[in-house]
$ cat my_file02.txt   # compact mmCIF, C-alpha atoms
# COMPACT_ATOMS: atom_id res chain seq x y z
CA MET A 116 56.75 25.05 20.35
CA SER A 117 56.61 22.34 23.00
CA TYR A 118 53.97 19.62 23.33
CA GLN A 119 52.42 21.33 26.36
CA GLU A 120 52.08 24.66 24.51
CA LYS A 121 50.50 22.96 21.50
CA LYS A 122 48.14 21.11 23.82
CA ALA A 123 47.00 24.35 25.51
CA LEU A 124 46.41 26.10 22.19
CA LEU A 125 44.64 23.12 20.62
CA ASN A 126 42.40 22.82 23.69
CA LEU A 127 41.53 26.49 23.35
CA GLY A 128 40.85 26.25 19.60
CA VAL A 129 38.58 23.23 19.98
CA TYR A 130 36.76 24.83 22.91
CA VAL A 131 36.11 28.16 21.17
CA ILE A 132 34.99 26.56 17.89
CA ALA A 133 32.69 24.08 19.66
CA LEU A 134 31.18 26.79 21.86
CA LEU A 135 30.54 29.06 18.87
CA LEU A 136 28.83 26.20 17.01
CA TYR A 137 26.76 25.35 20.09
CA ALA A 138 25.80 29.00 20.67
CA ASP A 139 24.81 29.34 17.00
CA TYR A 140 22.68 26.18 17.24
CA VAL A 141 20.92 27.39 20.39
CA HIS A 142 20.39 30.86 18.94
CA THR A 143 18.91 29.47 15.72
CA HIS A 144 16.63 26.88 17.32
CA TYR A 145 15.63 28.23 20.73
CA TRP A 146 16.05 32.00 20.75
CA GLU A 147 12.82 33.99 20.35
CA GLU A 148 12.44 37.74 20.22
CA GLY A 149 10.34 39.38 22.92
CA MET A 150 10.77 36.78 25.67
CA THR A 151 9.66 37.85 29.14
CA THR A 152 12.16 38.05 31.99
CA ASP A 153 10.99 34.68 33.36
CA GLU A 154 11.39 33.06 29.95
CA LEU A 155 14.82 34.65 29.53
CA LEU A 156 15.89 33.27 32.91
CA VAL A 157 14.75 29.77 31.87
CA PHE A 158 16.49 30.12 28.47
CA TRP A 159 19.83 31.29 29.89
CA SER A 160 19.75 28.85 32.82
CA LYS A 161 19.26 25.93 30.41
CA PHE A 162 21.98 27.31 28.14
CA LEU A 163 24.51 27.52 30.98
CA LEU A 164 23.49 24.19 32.55
CA ILE A 165 23.99 22.41 29.22
CA THR A 166 27.21 24.34 28.52
CA ILE A 167 28.97 22.87 31.58
CA PRO A 168 28.73 19.15 30.61
CA PHE A 169 29.19 20.19 26.97
CA GLN A 170 32.47 21.85 27.94
CA ILE A 171 33.62 18.69 29.74
CA VAL A 172 32.82 16.55 26.69
CA ILE A 173 34.70 18.99 24.44
CA HIS A 174 37.78 18.80 26.68
CA ILE A 175 37.65 14.98 26.55
CA ILE A 176 37.35 15.07 22.73
CA SER A 177 40.24 17.50 22.45
CA HIS A 178 42.30 15.22 24.74
CA ILE A 179 41.58 12.28 22.41
CA ILE A 180 42.51 14.35 19.34
CA ILE A 181 45.80 15.39 20.99
CA ASN A 182 46.66 11.77 21.83
CA ILE A 183 45.86 10.62 18.28
CA MET A 184 48.05 13.38 16.83
CA ARG A 185 50.79 12.56 19.32
CA GLY A 186 50.59 8.88 18.38
CA MET A 187 50.83 9.76 14.68
CA ALA A 188 53.84 11.98 15.34
CA ASN A 189 55.57 9.12 17.23
CA GLY A 190 54.95 6.54 14.51
CA GLY A 191 51.93 4.90 16.14
CA LYS A 192 53.46 4.58 19.61
CA ILE A 193 51.66 6.42 22.39
CA LYS A 194 54.01 7.31 25.23
CA ASP A 195 52.61 7.87 28.72
CA GLU A 196 52.04 11.55 29.36
CA VAL A 197 54.23 12.76 32.22
CA GLU A 198 52.65 15.41 34.41
CA ASP A 199 55.19 16.68 36.90
CA GLU A 200 55.54 19.47 39.48
CA PHE A 201 56.34 22.07 36.80
CA ASP A 202 53.09 21.26 34.95
CA LYS A 203 51.11 21.39 38.20
CA ILE A 204 52.49 24.81 39.18
CA ILE A 205 51.71 26.15 35.71
CA GLU A 206 48.22 24.70 35.86
CA LEU A 207 47.60 26.33 39.26
CA LYS A 208 48.89 29.74 38.13
CA SER A 209 46.95 29.65 34.85
CA THR A 210 43.76 28.63 36.62
CA ARG A 211 44.30 31.44 39.14
CA ASN A 212 44.65 34.00 36.31
CA SER A 213 41.55 32.81 34.52
CA MET A 214 39.49 32.61 37.72
CA VAL A 215 40.48 36.16 38.74
CA PHE A 216 39.37 37.41 35.32
CA PHE A 217 36.11 35.45 35.51
CA ALA A 218 35.39 36.84 38.99
CA ILE A 219 35.88 40.39 37.65
CA CYS A 220 33.53 39.60 34.74
CA PHE A 221 30.97 38.19 37.17
CA MET A 222 31.06 41.39 39.21
CA GLY A 223 30.73 43.39 35.99
CA ALA A 224 27.73 41.27 35.04
CA LEU A 225 26.18 41.95 38.45
CA GLY A 226 26.83 45.64 37.78
CA TYR A 227 24.75 45.36 34.61
CA LEU A 228 21.90 43.91 36.66
CA ALA A 229 22.27 46.58 39.34
CA TRP A 230 22.07 49.34 36.74
CA GLY A 231 18.91 47.79 35.31
CA LYS A 232 20.42 46.72 31.97
CA GLY A 233 18.41 43.50 31.96
CA VAL A 234 18.95 39.79 32.20
CA ASN A 235 20.42 39.40 28.68
CA HIS A 236 23.36 41.68 29.43
CA PHE A 237 24.04 39.81 32.65
CA PHE A 238 24.20 36.38 31.02
CA ILE A 239 26.03 37.57 27.90
CA ALA A 240 28.69 39.11 30.17
CA ILE A 241 28.95 35.78 32.03
CA VAL A 242 29.33 33.79 28.79
CA ILE A 243 31.89 36.22 27.34
CA GLY A 244 33.74 36.19 30.68
CA GLY A 245 33.82 32.37 30.53
CA VAL A 246 35.23 32.31 27.01
CA VAL A 247 37.83 35.02 27.64
CA SER A 248 38.89 33.33 30.88
CA GLU A 249 39.53 30.14 28.85
CA VAL A 250 41.66 32.23 26.47
CA ILE A 251 43.57 33.68 29.42
CA ASP A 252 44.08 30.19 30.84
CA ALA A 253 45.58 28.91 27.56
CA LEU A 254 47.74 31.99 26.97
CA SER A 255 48.97 31.90 30.59
CA ARG A 256 50.06 28.28 30.10
CA VAL A 257 51.98 29.16 26.94
CA TYR A 258 53.56 32.15 28.69
CA TYR A 259 54.63 30.17 31.77
CA TYR A 260 56.00 27.28 29.71
CA ARG A 261 58.11 29.73 27.70
CA ARG A 262 59.20 32.15 30.42
CA GLY A 263 59.16 29.85 33.45
CA VAL A 264 57.53 30.17 36.86
CA MET B 1441 59.33 36.33 34.71
CA ALA B 1442 62.50 36.91 36.77
CA LYS B 1443 65.29 34.36 36.40
CA SER B 1444 65.68 32.04 39.35
CA LYS B 1445 68.47 32.76 41.83
CA VAL B 1446 69.09 29.05 42.06
CA LYS B 1447 71.87 28.25 39.60
CA ASN B 1448 72.69 24.76 38.42
CA GLU B 1449 75.35 22.76 36.63
CA ILE B 1450 73.01 20.35 34.92
CA ARG B 1451 74.09 21.22 31.38
CA MET B 1452 77.75 20.65 32.27
CA LEU B 1453 76.99 17.46 34.19
CA ARG B 1454 75.03 16.08 31.24
CA PHE B 1455 78.01 16.81 29.04
CA MET B 1456 80.34 15.02 31.46
CA ASN B 1457 78.01 12.02 31.48
CA ASP B 1458 78.54 11.03 27.84
CA GLU B 1459 76.41 13.96 26.60
CA MET B 1460 73.32 12.55 28.29
CA THR B 1461 70.20 13.81 26.53
CA GLN B 1462 67.60 15.95 28.24
CA GLN B 1463 65.05 13.24 27.50
CA ALA B 1464 67.18 10.55 29.16
CA LEU B 1465 67.66 12.73 32.24
CA ALA B 1466 63.94 13.54 32.32
CA GLU B 1467 63.07 9.83 32.21
CA ALA B 1468 65.63 9.07 34.92
CA VAL B 1469 64.00 11.49 37.37
CA GLY B 1470 60.38 11.07 36.21
CA VAL B 1471 59.63 14.48 34.73
CA SER B 1472 59.04 15.82 31.23
CA ARG B 1473 61.86 17.07 28.97
CA GLN B 1474 60.23 20.51 29.11
CA THR B 1475 60.87 20.62 32.86
CA ILE B 1476 64.57 19.80 32.40
CA VAL B 1477 64.80 22.54 29.75
CA ALA B 1478 63.20 25.06 32.14
CA ILE B 1479 65.53 24.07 35.01
CA GLU B 1480 68.65 24.29 32.80
CA LYS B 1481 67.63 27.73 31.55
CA GLY B 1482 67.05 28.91 35.11
CA ASN B 1483 63.35 29.46 34.43
CA TYR B 1484 62.25 27.08 37.15
CA SER B 1485 63.62 26.15 40.58
CA PRO B 1486 62.86 22.47 41.19
CA SER B 1487 61.46 21.13 44.44
CA LEU B 1488 63.94 19.70 46.93
CA GLU B 1489 62.80 16.20 46.06
CA LEU B 1490 63.49 16.70 42.35
CA ALA B 1491 66.77 18.45 43.10
CA PHE B 1492 67.93 15.43 45.14
CA LYS B 1493 66.86 13.06 42.37
CA LEU B 1494 68.83 15.07 39.80
CA ALA B 1495 71.93 15.11 42.00
CA ARG B 1496 71.63 11.36 42.57
CA VAL B 1497 71.48 10.65 38.82
CA PHE B 1498 74.87 12.35 38.42
CA GLY B 1499 76.25 10.81 41.63
CA LYS B 1500 76.83 14.26 43.15
CA GLN B 1501 75.92 16.10 46.33
CA LEU B 1502 73.09 18.61 46.10
CA ASP B 1503 75.41 21.62 46.47
CA GLU B 1504 77.58 20.35 43.62
CA VAL B 1505 74.60 20.57 41.29
CA PHE B 1506 72.72 23.57 42.65
CA SER B 1507 73.90 26.82 44.17
CA TYR B 1508 72.15 29.93 45.43
CA ASP B 1509 73.31 33.11 43.73
CA ASP B 1510 72.23 35.99 45.98
CA ASP B 1511 73.52 39.34 44.65
CA SER B 1512 72.65 41.18 47.86
CA LYS B 1513 75.36 39.23 49.73
CA LYS B 1514 78.12 40.49 47.43
$ encode --input "my_file02.txt" --output "structure tokens"
Amino acid sequence: MSYQEKKALLNLGVYVIALLLYADYVHTHYWEEGMTTDELLVFWSKFLLITIPFQIVIHIISHIIINIMRGMANGGKIKDEVEDEFDKIIELKSTRNSMVFFAICFMGALGYLAWGKGVNHFFIAIVIGGVVSEVIDALSRVYYYRRGV
Amino acid sequence: MAKSKVKNEIRMLRFMNDEMTQQALAEAVGVSRQTIVAIEKGNYSPSLELAFKLARVFGKQLDEVFSYDDDSKK
């Protein structure tokens, strides 16, 4: 398995574990049964607004972990990471795949709202869509690195 | 993913150049080793700029390194 494939999978692992821990923390400390629609909107809006910078921080941490592991593997020497045209094309295609999936999930979530399923279903569909789109992004990268573009 | 129709002689040219490593070639043209592997396997068609750089490393013309293999013409 190449460095780029390992990087994609490690990024995904760190992201999913961190998000699960964060979701568990929020659920334990802030979730209350019987919230009104207005309260639910405030709860989910805060959850999503905090998730975005949280996600960025997690990606930075995972980048640091990867570089430390890479340095250890190279006997303490950290080589400059080369990002070339092949990497850029793969990044574009993977992002396209994950965004298409997320857009479908978003429309599905709107469908929940339209059918009167409630705010919780809408936001849960958005969160699940976000996580699965990250999975698709990572798996697409691995696929394209192995099979080519 | 369909194999590229652009064929190349990079593996043979590396061999002819004192068995140049993929890493050395990658460093010479400023890409990662993974990219050289993908080009050699025919999994990726490089940009014109990279193709020229590769040809220059071996001191060859572009068409001596890359060729277009179109079955429909046969």
$ residues_around --input "my_file02.txt" --residues "Ile1450 of chain B" --least-positions-apart "4" --cutoff "8 Å" --atoms "only C-alpha atoms" --output "PyMOL selection string"
chain B and resi 1454+1480+1505
$ interface_residues --input "my_file02.txt" --of "chain A" --to "chain B" --cutoff "7 Å" --atoms "all atoms listed in the file" --output "PyMOL selection string"
chain A and resi 197+199+201+262-264
$ residues_around --input "my_file02.txt" --residues "segment 1496-1503 of chain B" --least-positions-apart "2" --cutoff "10 Å" --atoms "only C-alpha atoms" --output "list in words"
Asn1448, Glu1449, Ile1450, Leu1453, Arg1454, Met1456, Asn1457, Leu1465, Ala1468, Val1469, Leu1488, Leu1490, Ala1491, Phe1492, Lys1493, Leu1494, Val1505, Phe1506, Ser1507 and Tyr1508 of chain B
$ write_last_selection --input "my_file02.txt" --atoms "C-alpha atoms" --output "PDB file, in the coordinates of the input"
ATOM      1  CA  ASN B1448      72.690  24.760  38.420  1.00  0.00           C
ATOM      2  CA  GLU B1449      75.350  22.760  36.630  1.00  0.00           C
ATOM      3  CA  ILE B1450      73.010  20.350  34.920  1.00  0.00           C
ATOM      4  CA  LEU B1453      76.990  17.460  34.190  1.00  0.00           C
ATOM      5  CA  ARG B1454      75.030  16.080  31.240  1.00  0.00           C
ATOM      6  CA  MET B1456      80.340  15.020  31.460  1.00  0.00           C
ATOM      7  CA  ASN B1457      78.010  12.020  31.480  1.00  0.00           C
ATOM      8  CA  LEU B1465      67.660  12.730  32.240  1.00  0.00           C
ATOM      9  CA  ALA B1468      65.630   9.070  34.920  1.00  0.00           C
ATOM     10  CA  VAL B1469      64.000  11.490  37.370  1.00  0.00           C
ATOM     11  CA  LEU B1488      63.940  19.700  46.930  1.00  0.00           C
ATOM     12  CA  LEU B1490      63.490  16.700  42.350  1.00  0.00           C
ATOM     13  CA  ALA B1491      66.770  18.450  43.100  1.00  0.00           C
ATOM     14  CA  PHE B1492      67.930  15.430  45.140  1.00  0.00           C
ATOM     15  CA  LYS B1493      66.860  13.060  42.370  1.00  0.00           C
ATOM     16  CA  LEU B1494      68.830  15.070  39.800  1.00  0.00           C
ATOM     17  CA  VAL B1505      74.600  20.570  41.290  1.00  0.00           C
ATOM     18  CA  PHE B1506      72.720  23.570  42.650  1.00  0.00           C
ATOM     19  CA  SER B1507      73.900  26.820  44.170  1.00  0.00           C
ATOM     20  CA  TYR B1508      72.150  29.930  45.430  1.00  0.00           C
TER      21      TYR B1508
END
$ atom_distance --input "my_file02.txt" --atom1 "atom CA of Tyr145 of chain A" --atom2 "atom CA of Ile219 of chain A"
29.1 Å
$ atom_distance --input "my_file02.txt" --atom1 "atom CA of Val257 of chain A" --atom2 "atom CA of Phe216 of chain A"
17.2 Å
$ closest_residue --input "my_file02.txt" --among "A:Val131, A:Leu228, A:Leu125, A:Cys220" --to "Ile179 of chain A" --atoms "only C-alpha atoms"
A:Leu125
$ residues_around --input "my_file02.txt" --residues "Ser255 of chain A" --least-positions-apart "6" --cutoff "8 Å" --atoms "all atoms listed in the file" --output "VMD selection string"
chain A and resid 208 to 209 212
$ atom_distance --input "my_file02.txt" --atom1 "atom CA of Val234 of chain A" --atom2 "atom CA of Ser160 of chain A"
11.0 Å
